[in-house]
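Asks: This structure is in structure tokens; I'll ask about it shortly.
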There are 2 protein chains.
Amino acid sequence: MPTIVEVAEQAGVSIKTVSRVLNNEPNVRPETRELVLRVAGELNYRPKLSARSLAGARSFLIGLLYYDPSAEFVARVQRGATLRCREAGYHLVVEALGSAARDVGPQLDHMLAALRPDGVILTPPICDNPEVLAAMEATRTPCVLISPGHQGRRLPHVRMDDVHAAEEVTNLLISLGHRQIAFIKGASDQAASAWRLRGFRQAMRAHELEVDESLLCQGDFQFASGEAAAHQLLSRRSPPTAVFASNDDMALGVLAAAHRLGVQVPQDLSVVGFDDSPAASLVWPALTTVRQPLMEMATAAVDMLLERGGRPTADGVQQPSAPRVLAHELVVRASTAAPAKRGRRAPGSHADRLA
Amino acid sequence: MPTIVEVAEQAGVSIKTVSRVLNNEPNVRPETRELVLRVAGELNYRPKLSARSLAGARSFLIGLLYYDPSAEFVARVQRGATLRCREAGYHLVVEALGSAARDVGPQLDHMLAALRPDGVILTPPICDNPEVLAAMEATRTPCVLISPGHQGRRLPHVRMDDVHAAEEVTNLLISLGHRQIAFIKGASDQAASAWRLRGFRQAMRAHELEVDESLLCQGDFQFASGEAAAHQLLSRRSPPTAVFASNDDMALGVLAAAHRLGVQVPQDLSVVGFDDSPAASLVWPALTTVRQPLMEMATAAVDMLLERGGRPTADGVQQPSAPRVLAHELVVRASTAAPAKRGRRAPGSHADRLA
DNA sequence: CTGAAAGCGCTTACAG
DNA sequence: CTGAAAGCGCTTACAG
């Protein structure tokens, strides 16, 4: 493998000039630049990362830290991050943090000290882990959080608007004619759960519909909790005509329960999820849901990191990047429809008055 | 951040001795070793990877290359690989190769030249890409392939026994009493498709059952192809009582088609998939399928890489590691059952004679 | 616009 | 069992 010395010799310049050309620094005569570029190309020269990293201030490494999120989540984030990294000449080092939240700090310290990444991307739920956040600050490693909860919102982050998305979902159901809408909450320790519930409530209020608190079920983002909630909801005297589950896995549980109970979806029951997981389009009927712009969020995160990590601004001040909120997409599929005319609504219910 | 010099000064030894201790080299007095370890611990010293990499022969980096496999596949492989890497003091650099198979070579060259990973893990389908394999050989980078097709089987690799797994699936159906078993093939350009089909044929032959070639459908591993195949199969005069789809996505398609046509699963039709994707346990009825030991395959791959990358053997010869075949698991769930007694079998069929 | 020197923080060969 | 020297392949700060 050729080194910078060989390129310099072949081109008849100093290694410093080669370095300047390869790093796109100014103050090189166009002809010199071209010459160096040509020689480097001929020799198929690639600067060695470890040498650049040791000599310079950058490591050209971005860390991606995660712990047990859904496979789909990691995969999408990762794809966005690796693509953007490659464009910028960076590389992505991933680290799946061990399950024991206890020793997450040491694990991180080790990784940061050994690798000295120029930035780190943190995904839920570890982007809300105080120990992780503390380790990042202690080592002064720039980081960007993806979809953080309340904890992380004071740090640079990129997210979507969960509240607004949940409003849109609710509006869709209302516009189809649904009034008895059940809502299955997500895990209570995740911020997204609260935001999605808030969106649901806001949309209902905006349409002057009262939220029937008995139609609010506690779930935990798992399939089984959606299934259990649906069993309970569908065996009521006056079952809801629509169920808004806080994520797709729970919505799939609702679907399974409906199948088992002989409740037709979407004729007898509309079902909506959240996430647009792969399974959402693989089940029958395909699930109406919300697509998170995960790839876009990841590329934005890399951009934010590189902006920070790049040359300091003219005035030498590093502005902490402002949060970015990316657009989501309501994906309407086959699991939603207008409620059947001859519903089994309870007489005198709020819904009846509206109908 | 402390450097090796500071540790050496504090401990009153040379940096070479510190280096020896940290690398677990022999020829250090136990007391000296302990002293250095204590000082290093107090200073919270971590050797910088770029310096070790530049000075030494190892980069402590393992590359994981993939291109567009299922999210679940990457996630499982990656989790196994990162965990094992951490244990060994290594780090995992992932690279999602661009979609254009054309410039995969240059992308790889760049990555290998810049990073100089001590080894690379290749996943399907790029572990069968001749250009990729050529780039690996050209740079003499050790690599281990995960589940390669015929192309890659001459290189070090780790895989499961697809043929045997498919036999087991088929045996299960036969033992339940099925005789009219349909098989949906996978994408014809993937080796796993052929292996799974072979397992099916072998099991049928072992039970002296004839394979009805009209019950063999061409699929492509996608949901839609399974759905289409099922529509065709279920509208036959004498529909099969069981369908063996070469992967879960197609099996989910079969499930969807069955639902739509009012065919009860598993009462009227048993359905089996392959992969144990997350959706497999999220649909109703939950899918009987085969779980690939992906995490285990990944840790084995890292082990094989580290063995090669480690100190050369006593005789200085680097033995190419032998392939490793890891155990899979047949996961029996709710989508399989004995066929209904009053089947709609065609009179005089082979199945009738056996029944 | 260009270059000679020093140095990043380790490991490698070598010497004792 | 231990260490002084050289060097890995780049970038940084400086000088011209």
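Please note that chains go A, B, ... in the order of the structure tokens, that every chain numbers its residues from 1, and that ligands are numbered from 1 in the order shown.
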Report as a tab-separated table the residues of chain C within 10 Å of chain B, each with its shortest atom pair and distance in Å (one decimal), using only C-alpha atoms (C1' of nucleotides), ordered by chain and increasing residue number.
Replies:
```
residue	atom	partner	partner_atom	distance
C:DC8	C1'	B:Ala51	CA	8.0
C:DG9	C1'	B:Ala51	CA	5.0
C:DC10	C1'	B:Ala51	CA	4.6
C:DT11	C1'	B:Ala55	CA	4.9
C:DT12	C1'	B:Gly56	CA	7.4
```
Asks: Include N, CA and C atoms (P, O5', C5', C4', C3', O3' and C1' of nucleotides) and write out the residues we just selected as a short mmCIF file (atom, residue, chain, number, x, y, z; two decimals), in the first residue's frame.
Replies:
```cif
data_model
loop_
_atom_site.label_atom_id
_atom_site.label_comp_id
_atom_site.auth_asym_id
_atom_site.auth_seq_id
_atom_site.Cartn_x
_atom_site.Cartn_y
_atom_site.Cartn_z
P DC C 8 3.65 14.92 21.16
"O5'" DC C 8 2.25 14.24 20.87
"C5'" DC C 8 1.16 14.95 20.26
"C4'" DC C 8 0.33 13.96 19.47
"C3'" DC C 8 0.25 12.59 20.14
"O3'" DC C 8 -0.94 12.56 20.92
"C1'" DC C 8 0.68 12.42 17.77
P DG C 9 -0.78 12.21 22.52
"O5'" DG C 9 -0.64 10.64 22.51
"C5'" DG C 9 -1.65 9.87 21.91
"C4'" DG C 9 -1.15 8.46 21.72
"C3'" DG C 9 -0.57 7.81 22.97
"O3'" DG C 9 -1.06 6.50 23.03
"C1'" DG C 9 0.93 7.62 21.23
P DC C 10 -1.11 5.68 24.37
"O5'" DC C 10 -1.22 4.21 23.76
"C5'" DC C 10 -0.11 3.35 23.69
"C4'" DC C 10 0.16 3.00 22.23
"C3'" DC C 10 1.08 1.79 22.07
"O3'" DC C 10 0.26 0.63 21.97
"C1'" DC C 10 1.76 3.59 20.65
P DT C 11 0.87 -0.79 22.40
"O5'" DT C 11 1.80 -1.15 21.15
"C5'" DT C 11 1.19 -1.41 19.89
"C4'" DT C 11 2.28 -1.71 18.87
"C3'" DT C 11 3.04 -3.00 19.14
"O3'" DT C 11 3.20 -3.64 17.88
"C1'" DT C 11 4.56 -1.19 19.02
P DT C 12 3.63 -5.15 17.79
"O5'" DT C 12 5.02 -5.07 17.02
"C5'" DT C 12 5.16 -4.16 15.94
"C4'" DT C 12 6.63 -3.98 15.59
"C3'" DT C 12 7.46 -5.24 15.78
"O3'" DT C 12 8.15 -5.51 14.57
"C1'" DT C 12 8.49 -3.38 16.85
#
```
Asks: Got a sec to pull out which chain B residues are within 9 Å of chain A, counting only C-alpha atoms, and send them as a PDB file with N, CA and C atoms, in the first residue's frame?
Replies:
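What ended up in result36.pdb:
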```
ATOM      1  N   MET B   1      -6.648  13.316  28.888  1.00  0.00           N
ATOM      2  CA  MET B   1      -6.514  11.855  28.824  1.00  0.00           C
ATOM      3  C   MET B   1      -5.043  11.458  29.000  1.00  0.00           C
ATOM      4  N   TYR B  45      -6.350   4.949  32.581  1.00  0.00           N
ATOM      5  CA  TYR B  45      -5.676   4.970  31.291  1.00  0.00           C
ATOM      6  C   TYR B  45      -6.287   3.980  30.306  1.00  0.00           C
ATOM      7  N   ARG B  46      -6.509   4.435  29.098  1.00  0.00           N
ATOM      8  CA  ARG B  46      -6.974   3.560  28.011  1.00  0.00           C
ATOM      9  C   ARG B  46      -6.090   3.809  26.809  1.00  0.00           C
ATOM     10  N   PRO B  47      -5.422   2.802  26.299  1.00  0.00           N
ATOM     11  CA  PRO B  47      -4.592   3.029  25.111  1.00  0.00           C
ATOM     12  C   PRO B  47      -5.445   3.518  23.950  1.00  0.00           C
ATOM     13  N   LYS B  48      -4.893   4.432  23.200  1.00  0.00           N
ATOM     14  CA  LYS B  48      -5.612   5.014  22.079  1.00  0.00           C
ATOM     15  C   LYS B  48      -5.491   4.085  20.874  1.00  0.00           C
ATOM     16  N   LEU B  49      -6.627   3.753  20.316  1.00  0.00           N
ATOM     17  CA  LEU B  49      -6.645   2.776  19.247  1.00  0.00           C
ATOM     18  C   LEU B  49      -5.833   3.203  18.034  1.00  0.00           C
ATOM     19  N   SER B  50      -5.921   4.472  17.684  1.00  0.00           N
ATOM     20  CA  SER B  50      -5.236   4.904  16.465  1.00  0.00           C
ATOM     21  C   SER B  50      -3.718   4.758  16.614  1.00  0.00           C
ATOM     22  N   ALA B  51      -3.217   4.975  17.804  1.00  0.00           N
ATOM     23  CA  ALA B  51      -1.770   4.833  18.017  1.00  0.00           C
ATOM     24  C   ALA B  51      -1.354   3.362  17.960  1.00  0.00           C
ATOM     25  N   ARG B  52      -2.141   2.536  18.605  1.00  0.00           N
ATOM     26  CA  ARG B  52      -1.823   1.105  18.570  1.00  0.00           C
ATOM     27  C   ARG B  52      -1.854   0.606  17.131  1.00  0.00           C
ATOM     28  N   SER B  53      -2.852   1.091  16.431  1.00  0.00           N
ATOM     29  CA  SER B  53      -3.083   0.628  15.078  1.00  0.00           C
ATOM     30  C   SER B  53      -1.965   1.072  14.142  1.00  0.00           C
ATOM     31  N   LEU B  54      -1.530   2.313  14.333  1.00  0.00           N
ATOM     32  CA  LEU B  54      -0.479   2.843  13.463  1.00  0.00           C
ATOM     33  C   LEU B  54       0.856   2.145  13.729  1.00  0.00           C
ATOM     34  N   SER B  59      -5.514  -3.487  13.869  1.00  0.00           N
ATOM     35  CA  SER B  59      -6.318  -2.261  13.945  1.00  0.00           C
ATOM     36  C   SER B  59      -7.398  -2.370  15.014  1.00  0.00           C
ATOM     37  N   SER B  70     -32.756  -8.381   5.380  1.00  0.00           N
ATOM     38  CA  SER B  70     -33.852  -7.967   6.247  1.00  0.00           C
ATOM     39  C   SER B  70     -33.254  -7.317   7.486  1.00  0.00           C
ATOM     40  N   ALA B  71     -34.015  -6.397   8.040  1.00  0.00           N
ATOM     41  CA  ALA B  71     -33.559  -5.688   9.229  1.00  0.00           C
ATOM     42  C   ALA B  71     -33.247  -6.671  10.344  1.00  0.00           C
ATOM     43  N   GLU B  72     -34.094  -7.660  10.465  1.00  0.00           N
ATOM     44  CA  GLU B  72     -33.924  -8.622  11.534  1.00  0.00           C
ATOM     45  C   GLU B  72     -32.609  -9.372  11.384  1.00  0.00           C
ATOM     46  N   PHE B  73     -32.292  -9.701  10.175  1.00  0.00           N
ATOM     47  CA  PHE B  73     -31.055 -10.422   9.916  1.00  0.00           C
ATOM     48  C   PHE B  73     -29.851  -9.608  10.381  1.00  0.00           C
ATOM     49  N   VAL B  74     -29.747  -8.381   9.905  1.00  0.00           N
ATOM     50  CA  VAL B  74     -28.636  -7.521  10.310  1.00  0.00           C
ATOM     51  C   VAL B  74     -28.593  -7.355  11.815  1.00  0.00           C
ATOM     52  N   ALA B  75     -29.738  -7.089  12.395  1.00  0.00           N
ATOM     53  CA  ALA B  75     -29.781  -6.784  13.819  1.00  0.00           C
ATOM     54  C   ALA B  75     -29.239  -7.942  14.640  1.00  0.00           C
ATOM     55  N   ARG B  76     -29.638  -9.143  14.297  1.00  0.00           N
ATOM     56  CA  ARG B  76     -29.195 -10.302  15.081  1.00  0.00           C
ATOM     57  C   ARG B  76     -27.712 -10.552  14.879  1.00  0.00           C
ATOM     58  N   GLN B  78     -25.495  -8.459  13.998  1.00  0.00           N
ATOM     59  CA  GLN B  78     -24.756  -7.351  14.576  1.00  0.00           C
ATOM     60  C   GLN B  78     -24.659  -7.459  16.092  1.00  0.00           C
ATOM     61  N   ARG B  79     -25.745  -7.847  16.706  1.00  0.00           N
ATOM     62  CA  ARG B  79     -25.729  -7.956  18.158  1.00  0.00           C
ATOM     63  C   ARG B  79     -24.696  -9.004  18.581  1.00  0.00           C
ATOM     64  N   THR B  82     -21.112  -7.477  17.873  1.00  0.00           N
ATOM     65  CA  THR B  82     -20.635  -6.404  18.759  1.00  0.00           C
ATOM     66  C   THR B  82     -20.316  -6.954  20.142  1.00  0.00           C
ATOM     67  N   LEU B  83     -21.141  -7.854  20.635  1.00  0.00           N
ATOM     68  CA  LEU B  83     -20.895  -8.392  21.968  1.00  0.00           C
ATOM     69  C   LEU B  83     -19.561  -9.132  22.016  1.00  0.00           C
ATOM     70  N   ARG B  86     -16.592  -6.737  21.780  1.00  0.00           N
ATOM     71  CA  ARG B  86     -16.280  -6.022  23.008  1.00  0.00           C
ATOM     72  C   ARG B  86     -15.469  -6.895  23.949  1.00  0.00           C
ATOM     73  N   HIS B  91     -13.637  -3.535  17.945  1.00  0.00           N
ATOM     74  CA  HIS B  91     -14.801  -2.711  17.652  1.00  0.00           C
ATOM     75  C   HIS B  91     -15.337  -3.046  16.269  1.00  0.00           C
ATOM     76  N   LEU B  92     -16.637  -2.841  16.122  1.00  0.00           N
ATOM     77  CA  LEU B  92     -17.287  -3.242  14.876  1.00  0.00           C
ATOM     78  C   LEU B  92     -17.617  -2.021  14.024  1.00  0.00           C
ATOM     79  N   VAL B  93     -17.097  -1.997  12.817  1.00  0.00           N
ATOM     80  CA  VAL B  93     -17.421  -0.921  11.882  1.00  0.00           C
ATOM     81  C   VAL B  93     -18.387  -1.484  10.848  1.00  0.00           C
ATOM     82  N   VAL B  94     -19.552  -0.887  10.746  1.00  0.00           N
ATOM     83  CA  VAL B  94     -20.515  -1.422   9.789  1.00  0.00           C
ATOM     84  C   VAL B  94     -20.566  -0.553   8.548  1.00  0.00           C
ATOM     85  N   GLU B  95     -20.835  -1.181   7.468  1.00  0.00           N
ATOM     86  CA  GLU B  95     -20.896  -0.470   6.202  1.00  0.00           C
ATOM     87  C   GLU B  95     -22.057  -1.064   5.405  1.00  0.00           C
ATOM     88  N   ALA B  96     -23.050  -0.234   5.138  1.00  0.00           N
ATOM     89  CA  ALA B  96     -24.142  -0.677   4.282  1.00  0.00           C
ATOM     90  C   ALA B  96     -23.749  -0.335   2.861  1.00  0.00           C
ATOM     91  N   LEU B  97     -23.425  -1.336   2.088  1.00  0.00           N
ATOM     92  CA  LEU B  97     -22.980  -1.081   0.728  1.00  0.00           C
ATOM     93  C   LEU B  97     -24.100  -0.468  -0.107  1.00  0.00           C
ATOM     94  N   GLY B  98     -23.708   0.449  -0.982  1.00  0.00           N
ATOM     95  CA  GLY B  98     -24.699   1.127  -1.814  1.00  0.00           C
ATOM     96  C   GLY B  98     -25.457   0.152  -2.686  1.00  0.00           C
ATOM     97  N   GLN B 107     -15.978   0.990  -3.377  1.00  0.00           N
ATOM     98  CA  GLN B 107     -16.431   1.274  -2.015  1.00  0.00           C
ATOM     99  C   GLN B 107     -15.661   0.427  -1.012  1.00  0.00           C
ATOM    100  N   HIS B 110     -11.911   1.357  -0.735  1.00  0.00           N
ATOM    101  CA  HIS B 110     -11.744   2.553   0.070  1.00  0.00           C
ATOM    102  C   HIS B 110     -11.826   2.216   1.548  1.00  0.00           C
ATOM    103  N   MET B 111     -12.842   1.477   1.888  1.00  0.00           N
ATOM    104  CA  MET B 111     -13.049   1.118   3.285  1.00  0.00           C
ATOM    105  C   MET B 111     -11.878   0.309   3.822  1.00  0.00           C
ATOM    106  N   ALA B 113      -8.778   0.122   2.677  1.00  0.00           N
ATOM    107  CA  ALA B 113      -7.520   0.867   2.698  1.00  0.00           C
ATOM    108  C   ALA B 113      -7.499   1.873   3.838  1.00  0.00           C
ATOM    109  N   ALA B 114      -8.612   2.514   4.085  1.00  0.00           N
ATOM    110  CA  ALA B 114      -8.656   3.544   5.121  1.00  0.00           C
ATOM    111  C   ALA B 114      -8.631   2.934   6.514  1.00  0.00           C
ATOM    112  N   LEU B 115      -9.429   1.899   6.695  1.00  0.00           N
ATOM    113  CA  LEU B 115      -9.620   1.344   8.029  1.00  0.00           C
ATOM    114  C   LEU B 115      -8.637   0.243   8.381  1.00  0.00           C
ATOM    115  N   ARG B 116      -8.207  -0.518   7.377  1.00  0.00           N
ATOM    116  CA  ARG B 116      -7.364  -1.692   7.603  1.00  0.00           C
ATOM    117  C   ARG B 116      -7.936  -2.602   8.687  1.00  0.00           C
ATOM    118  N   PHE B 223     -43.526 -11.189   0.320  1.00  0.00           N
ATOM    119  CA  PHE B 223     -44.903 -11.397   0.753  1.00  0.00           C
ATOM    120  C   PHE B 223     -45.838 -11.670  -0.429  1.00  0.00           C
ATOM    121  N   ALA B 224     -45.780 -10.796  -1.414  1.00  0.00           N
ATOM    122  CA  ALA B 224     -46.725 -10.862  -2.526  1.00  0.00           C
ATOM    123  C   ALA B 224     -46.648 -12.189  -3.271  1.00  0.00           C
ATOM    124  N   ASP B 249     -41.884 -14.370   5.178  1.00  0.00           N
ATOM    125  CA  ASP B 249     -42.628 -13.343   4.462  1.00  0.00           C
ATOM    126  C   ASP B 249     -43.631 -13.972   3.500  1.00  0.00           C
ATOM    127  N   LEU B 252     -46.456 -15.498   5.380  1.00  0.00           N
ATOM    128  CA  LEU B 252     -47.427 -14.486   5.788  1.00  0.00           C
ATOM    129  C   LEU B 252     -48.367 -14.160   4.632  1.00  0.00           C
ATOM    130  N   GLY B 253     -47.839 -14.191   3.434  1.00  0.00           N
ATOM    131  CA  GLY B 253     -48.671 -13.992   2.253  1.00  0.00           C
ATOM    132  C   GLY B 253     -49.706 -15.099   2.125  1.00  0.00           C
ATOM    133  N   LEU B 255     -50.914 -16.820   4.574  1.00  0.00           N
ATOM    134  CA  LEU B 255     -51.862 -16.567   5.644  1.00  0.00           C
ATOM    135  C   LEU B 255     -52.901 -15.523   5.223  1.00  0.00           C
ATOM    136  N   ALA B 256     -52.410 -14.463   4.617  1.00  0.00           N
ATOM    137  CA  ALA B 256     -53.305 -13.392   4.189  1.00  0.00           C
ATOM    138  C   ALA B 256     -54.298 -13.907   3.155  1.00  0.00           C
ATOM    139  N   ALA B 257     -53.792 -14.672   2.193  1.00  0.00           N
ATOM    140  CA  ALA B 257     -54.667 -15.214   1.154  1.00  0.00           C
ATOM    141  C   ALA B 257     -55.712 -16.143   1.764  1.00  0.00           C
ATOM    142  N   HIS B 259     -56.930 -16.106   4.818  1.00  0.00           N
ATOM    143  CA  HIS B 259     -57.922 -15.277   5.513  1.00  0.00           C
ATOM    144  C   HIS B 259     -58.953 -14.761   4.535  1.00  0.00           C
ATOM    145  N   ARG B 260     -58.450 -14.216   3.457  1.00  0.00           N
ATOM    146  CA  ARG B 260     -59.331 -13.578   2.482  1.00  0.00           C
ATOM    147  C   ARG B 260     -60.284 -14.592   1.864  1.00  0.00           C
ATOM    148  N   PRO B 278     -39.683 -11.595  13.256  1.00  0.00           N
ATOM    149  CA  PRO B 278     -40.496 -11.113  14.379  1.00  0.00           C
ATOM    150  C   PRO B 278     -41.982 -11.238  14.072  1.00  0.00           C
ATOM    151  N   ALA B 279     -42.355 -10.963  12.827  1.00  0.00           N
ATOM    152  CA  ALA B 279     -43.766 -11.023  12.462  1.00  0.00           C
ATOM    153  C   ALA B 279     -44.328 -12.436  12.645  1.00  0.00           C
ATOM    154  N   ALA B 280     -43.472 -13.427  12.560  1.00  0.00           N
ATOM    155  CA  ALA B 280     -43.938 -14.809  12.630  1.00  0.00           C
ATOM    156  C   ALA B 280     -44.679 -15.080  13.932  1.00  0.00           C
ATOM    157  N   LEU B 282     -46.076 -12.658  15.670  1.00  0.00           N
ATOM    158  CA  LEU B 282     -47.002 -11.543  15.901  1.00  0.00           C
ATOM    159  C   LEU B 282     -48.299 -11.698  15.134  1.00  0.00           C
ATOM    160  N   VAL B 283     -48.340 -12.639  14.207  1.00  0.00           N
ATOM    161  CA  VAL B 283     -49.567 -12.813  13.430  1.00  0.00           C
ATOM    162  C   VAL B 283     -50.440 -13.862  14.097  1.00  0.00           C
ATOM    163  N   TRP B 284     -51.629 -13.945  13.603  1.00  0.00           N
ATOM    164  CA  TRP B 284     -52.517 -14.960  14.124  1.00  0.00           C
ATOM    165  C   TRP B 284     -53.039 -15.814  12.991  1.00  0.00           C
ATOM    166  N   PRO B 285     -52.875 -17.119  13.001  1.00  0.00           N
ATOM    167  CA  PRO B 285     -52.175 -17.859  14.056  1.00  0.00           C
ATOM    168  C   PRO B 285     -50.666 -17.721  13.908  1.00  0.00           C
TER     169      PRO B 285
END
```
Asks: Tell me, as a PyMOL selection string, which residues lie within 8 Å of Val271 of chain A, counting only C-alpha atoms (C1' of nucleotides); anything in the same chain fewer than 5 positions away does not count.
Replies: chain A and resi 242-245+251+254-255+265-266+287-288+335-336
Asks: Would you return as a PyMOL selection string the members of segment 142-289 of chain B that DSSP assigns to helix (DSSP H, G or I) on this structure's backbone?
Replies: chain B and resi 151-154+162-176+191-206+213-215+223-234+248-261+278-281
Asks: Keeping only C-alpha atoms, write the selected residues to a file as an mmCIF file, in the first residue's frame.
Replies:
```cif
data_model
loop_
_atom_site.group_PDB
_atom_site.id
_atom_site.type_symbol
_atom_site.label_atom_id
_atom_site.label_comp_id
_atom_site.auth_asym_id
_atom_site.auth_seq_id
_atom_site.Cartn_x
_atom_site.Cartn_y
_atom_site.Cartn_z
ATOM 1 C CA GLN B 151 -19.724 -19.094 -4.419
ATOM 2 C CA GLY B 152 -18.522 -18.521 -0.905
ATOM 3 C CA ARG B 153 -18.351 -22.022 0.433
ATOM 4 C CA ARG B 154 -14.701 -22.350 -0.415
ATOM 5 C CA ASP B 162 -30.808 -25.448 5.407
ATOM 6 C CA VAL B 163 -31.327 -28.841 3.837
ATOM 7 C CA HIS B 164 -31.729 -30.589 7.134
ATOM 8 C CA ALA B 165 -33.979 -27.866 8.545
ATOM 9 C CA ALA B 166 -36.265 -28.138 5.542
ATOM 10 C CA GLU B 167 -36.359 -31.896 6.046
ATOM 11 C CA GLU B 168 -37.470 -31.404 9.617
ATOM 12 C CA VAL B 169 -40.215 -29.015 8.603
ATOM 13 C CA THR B 170 -41.442 -31.489 6.036
ATOM 14 C CA ASN B 171 -41.251 -34.361 8.505
ATOM 15 C CA LEU B 172 -43.388 -32.384 10.917
ATOM 16 C CA LEU B 173 -46.088 -31.910 8.295
ATOM 17 C CA ILE B 174 -45.949 -35.538 7.259
ATOM 18 C CA SER B 175 -46.134 -36.739 10.842
ATOM 19 C CA LEU B 176 -49.240 -34.596 11.339
ATOM 20 C CA ALA B 191 -28.628 -20.609 -2.776
ATOM 21 C CA ALA B 192 -30.853 -21.091 0.256
ATOM 22 C CA SER B 193 -33.825 -21.528 -2.074
ATOM 23 C CA ALA B 194 -32.321 -24.608 -3.667
ATOM 24 C CA TRP B 195 -31.202 -26.077 -0.361
ATOM 25 C CA ARG B 196 -34.612 -25.749 1.229
ATOM 26 C CA LEU B 197 -36.265 -27.314 -1.767
ATOM 27 C CA ARG B 198 -33.809 -30.164 -1.649
ATOM 28 C CA GLY B 199 -34.618 -30.797 2.012
ATOM 29 C CA PHE B 200 -38.299 -30.903 1.164
ATOM 30 C CA ARG B 201 -37.744 -33.399 -1.635
ATOM 31 C CA GLN B 202 -35.476 -35.591 0.469
ATOM 32 C CA ALA B 203 -37.981 -35.800 3.314
ATOM 33 C CA MET B 204 -40.803 -36.640 0.952
ATOM 34 C CA ARG B 205 -38.724 -39.324 -0.690
ATOM 35 C CA ALA B 206 -37.692 -40.737 2.672
ATOM 36 C CA GLU B 213 -44.791 -31.033 -9.166
ATOM 37 C CA SER B 214 -47.909 -28.959 -9.720
ATOM 38 C CA LEU B 215 -47.790 -28.148 -6.021
ATOM 39 C CA PHE B 223 -44.903 -11.397 0.753
ATOM 40 C CA ALA B 224 -46.725 -10.862 -2.526
ATOM 41 C CA SER B 225 -45.320 -13.966 -4.178
ATOM 42 C CA GLY B 226 -46.538 -16.091 -1.273
ATOM 43 C CA GLU B 227 -49.951 -14.529 -1.502
ATOM 44 C CA ALA B 228 -50.166 -15.156 -5.223
ATOM 45 C CA ALA B 229 -49.014 -18.740 -4.885
ATOM 46 C CA ALA B 230 -51.583 -19.380 -2.171
ATOM 47 C CA HIS B 231 -54.387 -17.940 -4.280
ATOM 48 C CA GLN B 232 -53.472 -20.319 -7.038
ATOM 49 C CA LEU B 233 -53.027 -23.307 -4.747
ATOM 50 C CA LEU B 234 -56.243 -22.787 -2.816
ATOM 51 C CA ASP B 248 -41.731 -16.275 6.664
ATOM 52 C CA ASP B 249 -42.628 -13.343 4.462
ATOM 53 C CA MET B 250 -44.108 -15.666 1.866
ATOM 54 C CA ALA B 251 -45.799 -17.687 4.593
ATOM 55 C CA LEU B 252 -47.427 -14.486 5.788
ATOM 56 C CA GLY B 253 -48.671 -13.992 2.253
ATOM 57 C CA VAL B 254 -50.196 -17.446 2.366
ATOM 58 C CA LEU B 255 -51.862 -16.567 5.644
ATOM 59 C CA ALA B 256 -53.305 -13.392 4.189
ATOM 60 C CA ALA B 257 -54.667 -15.214 1.154
ATOM 61 C CA ALA B 258 -56.207 -17.879 3.364
ATOM 62 C CA HIS B 259 -57.922 -15.277 5.513
ATOM 63 C CA ARG B 260 -59.331 -13.578 2.482
ATOM 64 C CA LEU B 261 -60.601 -16.820 0.971
ATOM 65 C CA PRO B 278 -40.496 -11.113 14.379
ATOM 66 C CA ALA B 279 -43.766 -11.023 12.462
ATOM 67 C CA ALA B 280 -43.938 -14.809 12.630
ATOM 68 C CA SER B 281 -44.912 -14.684 16.275
#
```
Asks: Determine, counting only C-alpha atoms (C1' of nucleotides), which protein, DNA and RNA residues have an atom within 8 Å of an atom of segment 123-126 of chain A; residues of the same chain fewer than 3 positions away are not included. Present the result as an MDAnalysis selection string.
Replies: chainID A and resid 64:67 69 129 132 145:148 190
Asks: Residues of the last selection are to be written out with N, CA and C atoms, as a short mmCIF file (atom, residue, chain, number, x, y, z; two decimals), in the first residue's frame.
Replies:
```cif
data_model
loop_
_atom_site.label_atom_id
_atom_site.label_comp_id
_atom_site.auth_asym_id
_atom_site.auth_seq_id
_atom_site.Cartn_x
_atom_site.Cartn_y
_atom_site.Cartn_z
N LEU A 64 -22.36 4.74 16.90
CA LEU A 64 -23.82 4.58 16.98
C LEU A 64 -24.08 3.64 18.15
N LEU A 65 -24.71 4.18 19.16
CA LEU A 65 -24.96 3.39 20.37
C LEU A 65 -26.42 3.01 20.48
N TYR A 66 -26.67 1.77 20.77
CA TYR A 66 -28.06 1.39 20.96
C TYR A 66 -28.14 0.25 21.95
N TYR A 67 -29.35 0.05 22.41
CA TYR A 67 -29.56 -1.05 23.31
C TYR A 67 -30.97 -1.59 23.09
N PRO A 69 -33.32 -1.90 20.85
CA PRO A 69 -34.52 -1.34 20.24
C PRO A 69 -35.00 -2.37 19.24
N ASN A 129 -30.78 7.73 29.09
CA ASN A 129 -30.10 7.16 30.24
C ASN A 129 -29.15 8.20 30.85
N VAL A 132 -25.43 7.45 30.69
CA VAL A 132 -24.87 7.61 29.35
C VAL A 132 -24.65 9.08 29.05
N LEU A 145 -28.93 13.06 19.75
CA LEU A 145 -29.87 12.04 20.18
C LEU A 145 -30.98 11.89 19.15
N ILE A 146 -31.39 10.66 18.95
CA ILE A 146 -32.51 10.41 18.05
C ILE A 146 -33.75 10.15 18.89
N SER A 147 -34.78 10.91 18.66
CA SER A 147 -36.05 10.73 19.37
C SER A 147 -35.90 10.60 20.88
N PRO A 148 -35.25 11.56 21.50
CA PRO A 148 -35.08 11.45 22.96
C PRO A 148 -36.38 11.77 23.69
N GLN A 190 -41.76 5.39 28.65
CA GLN A 190 -41.23 5.98 27.43
C GLN A 190 -42.01 7.24 27.07
#
```
